[in-house]
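Below: final_1.txt (compact mmCIF, N, CA, C and O atoms)
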# COMPACT_ATOMS: atom_id res chain seq x y z
N MET A 1 -47.49 45.13 54.87
CA MET A 1 -47.96 45.66 53.61
C MET A 1 -46.81 45.76 52.59
O MET A 1 -46.97 45.36 51.45
N PHE A 2 -45.69 46.31 53.06
CA PHE A 2 -44.54 46.45 52.17
C PHE A 2 -43.97 45.09 51.77
O PHE A 2 -43.56 44.89 50.62
N LYS A 3 -43.99 44.17 52.72
CA LYS A 3 -43.52 42.81 52.43
C LYS A 3 -44.40 42.15 51.38
O LYS A 3 -43.91 41.44 50.49
N ASN A 4 -45.68 42.42 51.42
CA ASN A 4 -46.61 41.90 50.43
C ASN A 4 -46.28 42.45 49.03
O ASN A 4 -46.32 41.71 48.04
N TYR A 5 -45.98 43.74 48.93
CA TYR A 5 -45.61 44.34 47.64
C TYR A 5 -44.34 43.69 47.08
O TYR A 5 -44.25 43.42 45.89
N LEU A 6 -43.36 43.45 47.94
CA LEU A 6 -42.13 42.81 47.48
C LEU A 6 -42.38 41.38 47.01
O LEU A 6 -41.81 40.94 46.00
N THR A 7 -43.24 40.68 47.70
CA THR A 7 -43.56 39.30 47.31
C THR A 7 -44.24 39.26 45.95
O THR A 7 -43.89 38.44 45.08
N VAL A 8 -45.20 40.13 45.73
CA VAL A 8 -45.90 40.19 44.44
C VAL A 8 -44.94 40.60 43.33
O VAL A 8 -44.95 40.03 42.22
N ALA A 9 -44.06 41.58 43.60
CA ALA A 9 -43.10 42.01 42.59
C ALA A 9 -42.14 40.89 42.24
O ALA A 9 -41.83 40.67 41.06
N TRP A 10 -41.65 40.16 43.26
CA TRP A 10 -40.73 39.05 43.00
C TRP A 10 -41.39 37.95 42.18
O TRP A 10 -40.80 37.41 41.25
N ARG A 11 -42.65 37.63 42.47
CA ARG A 11 -43.37 36.62 41.71
C ARG A 11 -43.52 37.04 40.25
O ARG A 11 -43.39 36.21 39.34
N ASN A 12 -43.82 38.32 40.01
CA ASN A 12 -43.95 38.80 38.63
C ASN A 12 -42.62 38.77 37.89
O ASN A 12 -42.58 38.49 36.69
N LEU A 13 -41.54 39.08 38.59
CA LEU A 13 -40.22 39.03 37.96
C LEU A 13 -39.85 37.61 37.56
O LEU A 13 -39.30 37.38 36.49
N VAL A 14 -40.12 36.65 38.43
CA VAL A 14 -39.79 35.26 38.15
C VAL A 14 -40.69 34.69 37.06
O VAL A 14 -40.26 33.91 36.20
N LYS A 15 -41.95 35.10 37.05
CA LYS A 15 -42.93 34.59 36.08
C LYS A 15 -42.61 35.08 34.67
O LYS A 15 -42.72 34.31 33.71
N ASN A 16 -42.22 36.33 34.51
CA ASN A 16 -41.96 36.94 33.19
C ASN A 16 -40.47 37.18 33.04
O ASN A 16 -40.00 38.31 33.10
N LYS A 17 -39.70 36.12 32.82
CA LYS A 17 -38.23 36.24 32.80
C LYS A 17 -37.72 37.06 31.62
O LYS A 17 -36.81 37.87 31.78
N ALA A 18 -38.26 36.88 30.45
CA ALA A 18 -37.81 37.63 29.28
C ALA A 18 -38.13 39.11 29.44
O ALA A 18 -37.29 39.99 29.16
N HIS A 19 -39.31 39.42 29.90
CA HIS A 19 -39.71 40.80 30.13
C HIS A 19 -38.84 41.45 31.20
O HIS A 19 -38.43 42.61 31.09
N THR A 20 -38.53 40.68 32.24
CA THR A 20 -37.67 41.16 33.32
C THR A 20 -36.26 41.46 32.81
O THR A 20 -35.67 42.49 33.14
N LEU A 21 -35.73 40.55 31.99
CA LEU A 21 -34.39 40.74 31.44
C LEU A 21 -34.32 42.00 30.58
O LEU A 21 -33.38 42.79 30.70
N ILE A 22 -35.33 42.21 29.75
CA ILE A 22 -35.36 43.41 28.90
C ILE A 22 -35.44 44.67 29.75
O ILE A 22 -34.71 45.64 29.51
N ASN A 23 -36.28 44.66 30.76
CA ASN A 23 -36.43 45.85 31.61
C ASN A 23 -35.16 46.15 32.41
O ASN A 23 -34.72 47.31 32.49
N ILE A 24 -34.56 45.13 33.00
CA ILE A 24 -33.35 45.36 33.80
C ILE A 24 -32.19 45.78 32.92
O ILE A 24 -31.41 46.67 33.27
N THR A 25 -32.06 45.17 31.73
CA THR A 25 -31.01 45.58 30.79
C THR A 25 -31.19 47.02 30.35
O THR A 25 -30.23 47.81 30.33
N GLY A 26 -32.41 47.39 30.00
CA GLY A 26 -32.68 48.77 29.59
C GLY A 26 -32.41 49.77 30.70
O GLY A 26 -31.85 50.85 30.46
N LEU A 27 -32.79 49.41 31.91
CA LEU A 27 -32.54 50.29 33.05
C LEU A 27 -31.05 50.46 33.31
O LEU A 27 -30.57 51.58 33.52
N SER A 28 -30.29 49.37 33.25
CA SER A 28 -28.85 49.47 33.51
C SER A 28 -28.13 50.24 32.40
O SER A 28 -27.24 51.05 32.69
N VAL A 29 -28.51 50.02 31.15
CA VAL A 29 -27.88 50.78 30.05
C VAL A 29 -28.23 52.26 30.17
O VAL A 29 -27.37 53.14 30.00
N GLY A 30 -29.47 52.56 30.48
CA GLY A 30 -29.88 53.96 30.65
C GLY A 30 -29.15 54.64 31.78
O GLY A 30 -28.72 55.80 31.64
N MET A 31 -28.98 53.96 32.89
CA MET A 31 -28.25 54.55 34.01
C MET A 31 -26.78 54.74 33.68
O MET A 31 -26.18 55.76 34.05
N ALA A 32 -26.19 53.77 32.97
CA ALA A 32 -24.77 53.90 32.59
C ALA A 32 -24.57 55.08 31.65
O ALA A 32 -23.62 55.85 31.80
N VAL A 33 -25.46 55.23 30.67
CA VAL A 33 -25.34 56.36 29.73
C VAL A 33 -25.53 57.68 30.46
O VAL A 33 -24.81 58.65 30.21
N ALA A 34 -26.49 57.74 31.37
CA ALA A 34 -26.71 58.97 32.13
C ALA A 34 -25.49 59.33 32.97
O ALA A 34 -25.10 60.50 33.06
N MET A 35 -24.84 58.33 33.57
CA MET A 35 -23.63 58.60 34.36
C MET A 35 -22.48 59.06 33.46
O MET A 35 -21.74 59.98 33.82
N LEU A 36 -22.34 58.45 32.29
CA LEU A 36 -21.28 58.88 31.37
C LEU A 36 -21.50 60.30 30.88
O LEU A 36 -20.56 61.10 30.78
N ILE A 37 -22.74 60.64 30.57
CA ILE A 37 -23.03 62.02 30.15
C ILE A 37 -22.76 62.98 31.29
O ILE A 37 -22.19 64.07 31.09
N GLY A 38 -23.12 62.61 32.51
CA GLY A 38 -22.84 63.46 33.66
C GLY A 38 -21.35 63.66 33.89
O GLY A 38 -20.89 64.77 34.17
N LEU A 39 -20.57 62.58 33.74
CA LEU A 39 -19.11 62.71 33.89
C LEU A 39 -18.51 63.56 32.79
O LEU A 39 -17.56 64.33 33.01
N TRP A 40 -19.04 63.44 31.59
CA TRP A 40 -18.53 64.25 30.47
C TRP A 40 -18.82 65.73 30.72
O TRP A 40 -17.95 66.59 30.52
N ILE A 41 -20.03 66.06 31.17
CA ILE A 41 -20.38 67.45 31.47
C ILE A 41 -19.50 67.97 32.60
O ILE A 41 -19.00 69.10 32.55
N TRP A 42 -19.28 67.16 33.64
CA TRP A 42 -18.43 67.58 34.75
C TRP A 42 -17.01 67.86 34.27
O TRP A 42 -16.38 68.83 34.69
N ASP A 43 -16.50 67.01 33.37
CA ASP A 43 -15.15 67.21 32.83
C ASP A 43 -15.07 68.49 32.01
O ASP A 43 -14.10 69.24 32.11
N GLU A 44 -16.09 68.76 31.21
CA GLU A 44 -16.08 69.98 30.40
C GLU A 44 -16.15 71.23 31.27
O GLU A 44 -15.53 72.24 30.96
N LEU A 45 -16.92 71.18 32.34
CA LEU A 45 -17.06 72.36 33.20
C LEU A 45 -15.86 72.57 34.11
O LEU A 45 -15.65 73.68 34.59
N SER A 46 -15.08 71.53 34.36
CA SER A 46 -13.93 71.67 35.25
C SER A 46 -12.63 71.82 34.48
O SER A 46 -11.55 71.67 35.04
N TYR A 47 -12.68 72.12 33.19
CA TYR A 47 -11.49 72.26 32.36
C TYR A 47 -10.64 73.43 32.84
O TYR A 47 -11.15 74.53 33.04
N ASN A 48 -9.35 73.21 33.03
CA ASN A 48 -8.35 74.21 33.43
C ASN A 48 -8.58 74.79 34.82
O ASN A 48 -8.00 75.81 35.17
N LYS A 49 -9.41 74.19 35.64
CA LYS A 49 -9.64 74.74 36.98
C LYS A 49 -8.53 74.38 37.95
O LYS A 49 -8.56 74.81 39.09
N ASN A 50 -7.54 73.60 37.52
CA ASN A 50 -6.42 73.27 38.38
C ASN A 50 -5.39 74.39 38.40
O ASN A 50 -4.46 74.36 39.19
N PHE A 51 -5.53 75.40 37.55
CA PHE A 51 -4.61 76.53 37.52
C PHE A 51 -5.15 77.67 38.39
O PHE A 51 -6.36 77.84 38.53
N ASP A 52 -4.22 78.46 38.96
CA ASP A 52 -4.64 79.67 39.63
C ASP A 52 -5.13 80.65 38.58
O ASP A 52 -4.60 80.72 37.46
N ASN A 53 -6.12 81.44 38.91
CA ASN A 53 -6.71 82.43 37.99
C ASN A 53 -7.13 81.78 36.68
O ASN A 53 -6.89 82.30 35.59
N TYR A 54 -7.77 80.61 36.77
CA TYR A 54 -8.19 79.89 35.57
C TYR A 54 -9.19 80.68 34.72
O TYR A 54 -9.29 80.46 33.52
N ASP A 55 -9.89 81.61 35.34
CA ASP A 55 -10.86 82.40 34.58
C ASP A 55 -10.18 83.45 33.70
O ASP A 55 -10.83 84.07 32.86
N ARG A 56 -8.87 83.62 33.84
CA ARG A 56 -8.14 84.59 33.02
C ARG A 56 -7.29 83.93 31.94
O ARG A 56 -6.54 84.60 31.25
N ILE A 57 -7.38 82.60 31.80
CA ILE A 57 -6.64 81.91 30.75
C ILE A 57 -7.41 82.05 29.44
O ILE A 57 -8.61 81.82 29.38
N VAL A 58 -6.70 82.45 28.39
CA VAL A 58 -7.34 82.61 27.09
C VAL A 58 -6.58 81.81 26.04
O VAL A 58 -5.41 81.48 26.21
N GLN A 59 -7.26 81.49 24.98
CA GLN A 59 -6.64 80.82 23.85
C GLN A 59 -7.08 81.55 22.59
O GLN A 59 -8.26 81.76 22.35
N VAL A 60 -6.11 81.96 21.79
CA VAL A 60 -6.38 82.70 20.57
C VAL A 60 -6.45 81.71 19.41
O VAL A 60 -5.56 80.88 19.25
N TRP A 61 -7.52 81.79 18.64
CA TRP A 61 -7.70 80.91 17.49
C TRP A 61 -7.56 81.73 16.20
O TRP A 61 -7.85 82.91 16.17
N GLN A 62 -7.14 81.07 15.17
CA GLN A 62 -6.95 81.70 13.88
C GLN A 62 -7.87 81.03 12.86
O GLN A 62 -7.94 79.81 12.78
N ASN A 63 -8.60 81.84 12.10
CA ASN A 63 -9.45 81.33 11.03
C ASN A 63 -8.76 81.59 9.70
O ASN A 63 -8.35 82.72 9.42
N GLN A 64 -8.64 80.56 8.88
CA GLN A 64 -8.03 80.69 7.56
C GLN A 64 -8.96 80.08 6.52
O GLN A 64 -9.62 79.08 6.80
N THR A 65 -8.96 80.66 5.34
CA THR A 65 -9.78 80.14 4.25
C THR A 65 -8.86 79.67 3.12
O THR A 65 -8.07 80.45 2.60
N PHE A 66 -8.95 78.40 2.78
CA PHE A 66 -8.21 77.81 1.67
C PHE A 66 -9.21 77.16 0.72
O PHE A 66 -9.98 76.29 1.12
N ASN A 67 -9.18 77.59 -0.53
CA ASN A 67 -10.07 77.05 -1.56
C ASN A 67 -11.54 77.08 -1.15
O ASN A 67 -12.30 76.15 -1.37
N GLY A 68 -11.95 78.16 -0.51
CA GLY A 68 -13.35 78.33 -0.11
C GLY A 68 -13.75 77.59 1.15
O GLY A 68 -14.90 77.65 1.56
N VAL A 69 -12.81 76.90 1.79
CA VAL A 69 -13.11 76.17 3.02
C VAL A 69 -12.43 76.89 4.19
O VAL A 69 -11.22 77.10 4.17
N THR A 70 -13.22 77.29 5.19
CA THR A 70 -12.69 77.99 6.34
C THR A 70 -12.38 76.99 7.44
O THR A 70 -13.21 76.16 7.81
N GLY A 71 -11.16 77.07 7.96
CA GLY A 71 -10.74 76.19 9.04
C GLY A 71 -10.21 77.01 10.21
O GLY A 71 -9.72 78.12 10.02
N SER A 72 -10.33 76.47 11.40
CA SER A 72 -9.84 77.14 12.60
C SER A 72 -8.72 76.31 13.21
O SER A 72 -8.77 75.08 13.20
N GLN A 73 -7.73 77.00 13.76
CA GLN A 73 -6.61 76.32 14.39
C GLN A 73 -6.02 77.21 15.46
O GLN A 73 -6.26 78.41 15.50
N THR A 74 -5.21 76.61 16.33
CA THR A 74 -4.60 77.36 17.42
C THR A 74 -3.19 77.81 17.09
O THR A 74 -2.60 78.55 17.86
N ALA A 75 -2.62 77.38 15.99
CA ALA A 75 -1.27 77.80 15.61
C ALA A 75 -1.31 79.26 15.16
O ALA A 75 -2.15 79.65 14.37
N MET A 76 -0.40 80.05 15.70
CA MET A 76 -0.35 81.48 15.39
C MET A 76 1.02 81.84 14.81
O MET A 76 2.02 81.20 15.14
N PRO A 77 1.06 82.87 13.98
CA PRO A 77 2.36 83.33 13.50
C PRO A 77 3.17 83.94 14.64
O PRO A 77 2.61 84.51 15.58
N ILE A 78 4.48 83.80 14.57
CA ILE A 78 5.38 84.29 15.62
C ILE A 78 5.20 85.79 15.89
O ILE A 78 5.21 86.20 17.04
N PRO A 79 5.03 86.64 14.85
CA PRO A 79 4.86 88.08 15.15
C PRO A 79 3.65 88.40 16.03
O PRO A 79 3.64 89.40 16.73
N LEU A 80 2.64 87.53 16.02
CA LEU A 80 1.48 87.78 16.88
C LEU A 80 1.87 87.70 18.35
O LEU A 80 1.36 88.45 19.18
N GLY A 81 2.79 86.80 18.69
CA GLY A 81 3.26 86.70 20.07
C GLY A 81 3.93 87.99 20.53
O GLY A 81 3.67 88.47 21.64
N TYR A 82 4.76 88.56 19.68
CA TYR A 82 5.42 89.83 20.03
C TYR A 82 4.40 90.95 20.15
O TYR A 82 4.50 91.81 21.03
N LYS A 83 3.40 90.95 19.27
CA LYS A 83 2.36 91.98 19.30
C LYS A 83 1.56 91.88 20.61
O LYS A 83 1.27 92.89 21.25
N LEU A 84 1.19 90.66 21.00
CA LEU A 84 0.45 90.49 22.25
C LEU A 84 1.29 90.88 23.46
O LEU A 84 0.78 91.52 24.40
N ARG A 85 2.57 90.54 23.44
CA ARG A 85 3.45 90.90 24.56
C ARG A 85 3.62 92.41 24.68
O ARG A 85 3.65 92.96 25.78
N ASN A 86 3.76 93.11 23.55
CA ASN A 86 4.03 94.55 23.58
C ASN A 86 2.77 95.38 23.78
O ASN A 86 2.76 96.32 24.58
N ASP A 87 1.71 95.09 23.05
CA ASP A 87 0.52 95.93 23.09
C ASP A 87 -0.43 95.61 24.24
O ASP A 87 -1.18 96.46 24.68
N TYR A 88 -0.41 94.36 24.71
CA TYR A 88 -1.36 93.94 25.74
C TYR A 88 -0.64 93.36 26.96
O TYR A 88 -1.12 92.43 27.58
N LYS A 89 0.50 93.92 27.30
CA LYS A 89 1.28 93.35 28.41
C LYS A 89 0.56 93.47 29.75
O LYS A 89 0.81 92.68 30.64
N HIS A 90 -0.36 94.40 29.90
CA HIS A 90 -1.11 94.49 31.15
C HIS A 90 -2.21 93.42 31.21
O HIS A 90 -2.71 93.10 32.28
N ASP A 91 -2.60 92.85 30.07
CA ASP A 91 -3.63 91.80 30.05
C ASP A 91 -3.03 90.40 30.10
O ASP A 91 -3.65 89.48 30.62
N PHE A 92 -1.83 90.23 29.53
CA PHE A 92 -1.23 88.90 29.45
C PHE A 92 0.08 88.87 30.21
O PHE A 92 1.00 89.62 29.90
N LYS A 93 0.16 88.01 31.21
CA LYS A 93 1.41 87.86 31.95
C LYS A 93 2.36 86.95 31.17
O LYS A 93 3.55 87.21 31.09
N TYR A 94 1.82 85.88 30.59
CA TYR A 94 2.61 84.94 29.80
C TYR A 94 1.93 84.75 28.45
O TYR A 94 0.71 84.73 28.36
N VAL A 95 2.74 84.60 27.42
CA VAL A 95 2.23 84.27 26.09
C VAL A 95 2.97 83.03 25.62
O VAL A 95 4.20 83.00 25.57
N VAL A 96 2.22 81.98 25.31
CA VAL A 96 2.79 80.72 24.83
C VAL A 96 2.33 80.53 23.40
O VAL A 96 1.15 80.65 23.10
N LEU A 97 3.26 80.26 22.52
CA LEU A 97 2.94 80.08 21.10
C LEU A 97 3.13 78.63 20.71
O LEU A 97 4.01 77.95 21.20
N SER A 98 2.29 78.18 19.80
CA SER A 98 2.46 76.84 19.23
C SER A 98 2.40 76.95 17.73
O SER A 98 1.71 77.80 17.18
N SER A 99 3.15 76.12 17.08
CA SER A 99 3.20 76.13 15.62
C SER A 99 3.01 74.72 15.10
O SER A 99 3.65 73.79 15.58
N TRP A 100 2.15 74.52 14.15
CA TRP A 100 1.92 73.19 13.61
C TRP A 100 3.00 72.80 12.61
O TRP A 100 3.11 71.64 12.26
N ASN A 101 3.83 73.74 12.17
CA ASN A 101 4.89 73.41 11.23
C ASN A 101 6.10 72.78 11.92
O ASN A 101 6.72 71.87 11.40
N TYR A 102 6.45 73.27 13.08
CA TYR A 102 7.69 72.86 13.73
C TYR A 102 7.47 72.28 15.12
O TYR A 102 8.31 72.41 15.98
N GLY A 103 6.38 71.69 15.39
CA GLY A 103 6.11 71.19 16.73
C GLY A 103 5.69 72.35 17.62
O GLY A 103 5.37 73.44 17.15
N HIS A 104 5.72 72.15 18.91
CA HIS A 104 5.28 73.19 19.84
C HIS A 104 6.48 73.93 20.40
O HIS A 104 7.48 73.33 20.75
N ILE A 105 6.32 75.25 20.48
CA ILE A 105 7.37 76.11 21.02
C ILE A 105 6.83 76.77 22.27
O ILE A 105 5.78 77.39 22.24
N MET A 106 7.53 76.62 23.37
CA MET A 106 7.16 77.30 24.60
C MET A 106 8.19 78.38 24.83
O MET A 106 9.40 78.11 24.84
N ALA A 107 7.74 79.60 24.98
CA ALA A 107 8.66 80.73 25.12
C ALA A 107 8.32 81.54 26.36
O ALA A 107 7.16 81.74 26.69
N TYR A 108 9.39 81.97 27.05
CA TYR A 108 9.25 82.87 28.18
C TYR A 108 10.41 83.85 28.10
O TYR A 108 11.57 83.46 28.18
N GLY A 109 10.08 85.11 27.94
CA GLY A 109 11.14 86.11 27.79
C GLY A 109 11.91 85.86 26.50
O GLY A 109 11.35 85.75 25.43
N GLU A 110 13.21 85.72 26.62
CA GLU A 110 14.06 85.45 25.45
C GLU A 110 14.32 83.97 25.27
O GLU A 110 14.98 83.57 24.31
N LYS A 111 13.87 83.15 26.21
CA LYS A 111 14.11 81.70 26.14
C LYS A 111 12.97 81.01 25.43
O LYS A 111 11.82 81.31 25.65
N SER A 112 13.33 80.06 24.58
CA SER A 112 12.31 79.28 23.87
C SER A 112 12.47 77.81 24.20
O SER A 112 13.56 77.30 24.34

Structure translated into structure tokens:
Amino acid sequence: MFKNYLTVAWRNLVKNKAHTLINITGLSVGMAVAMLIGLWIWDELSYNKNFDNYDRIVQVWQNQTFNGVTGSQTAMPIPLGYKLRNDYKHDFKYVVLSSWNYGHIMAYGEKS
């Protein structure tokens, strides 16, 4: 019975070549897109999981308004790093600052 179904399906595929090409192409493109979306979601959900205590990593963003346009960025003023180290030292073990003016600065203790 199953062999009969395969024979009929094969005959229909050979008989309607253009229709078969469109269907197989659509199926392969759809599967490729679904796999890419799945990989993208997996990548987004596994972000920073290679670090210990990844659930405690935070990133502080700054909102600024220039000429009525609000923009967000990760560059912070240097005094904010000192404020976070002094006022929230029980919450933050390390504070890393980056500046868009002078490249990236990595600081630990008194060393930059």

**Study point:** d(atom CA of Val33 of chain A, atom CA of Leu6 of chain A) in Å
**Key:**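 Answer for the atom CA of Val33 of chain A to atom CA of Leu6 of chain A separation: 27.9 Å.
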
Practice item. Write out as a ChimeraX atom specification all residues of segment 46-98 of chain A that backbone DSSP assigns to alpha helix (DSSP H). Key: /A:78-87

Review point. What is the distance, in Å and to one decimal place, between atom C of Val58 of chain A and atom N of Leu36 of chain A?
Key: 28.9 Å

Point to revise | atom C of Trp42 of chain A to atom N of Asp55 of chain A, straight-line distance in Å | key: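 These atoms are spaced 15.5 Å apart.
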
Revision key, fill the gap. Counting all atoms listed in the file, the residue among A:Tyr54, A:Trp61, A:Tyr108, A:Tyr94 that lies closest to Met76 of chain A is A:Trp61

Exercise for review: Please provide as a count of residues only all residues within 8 Å of Lys93 of chain A, with the sequence filter that same-chain residues fewer than 6 positions apart are discarded (counting only N, CA, C and O atoms).
Suggested key: 6
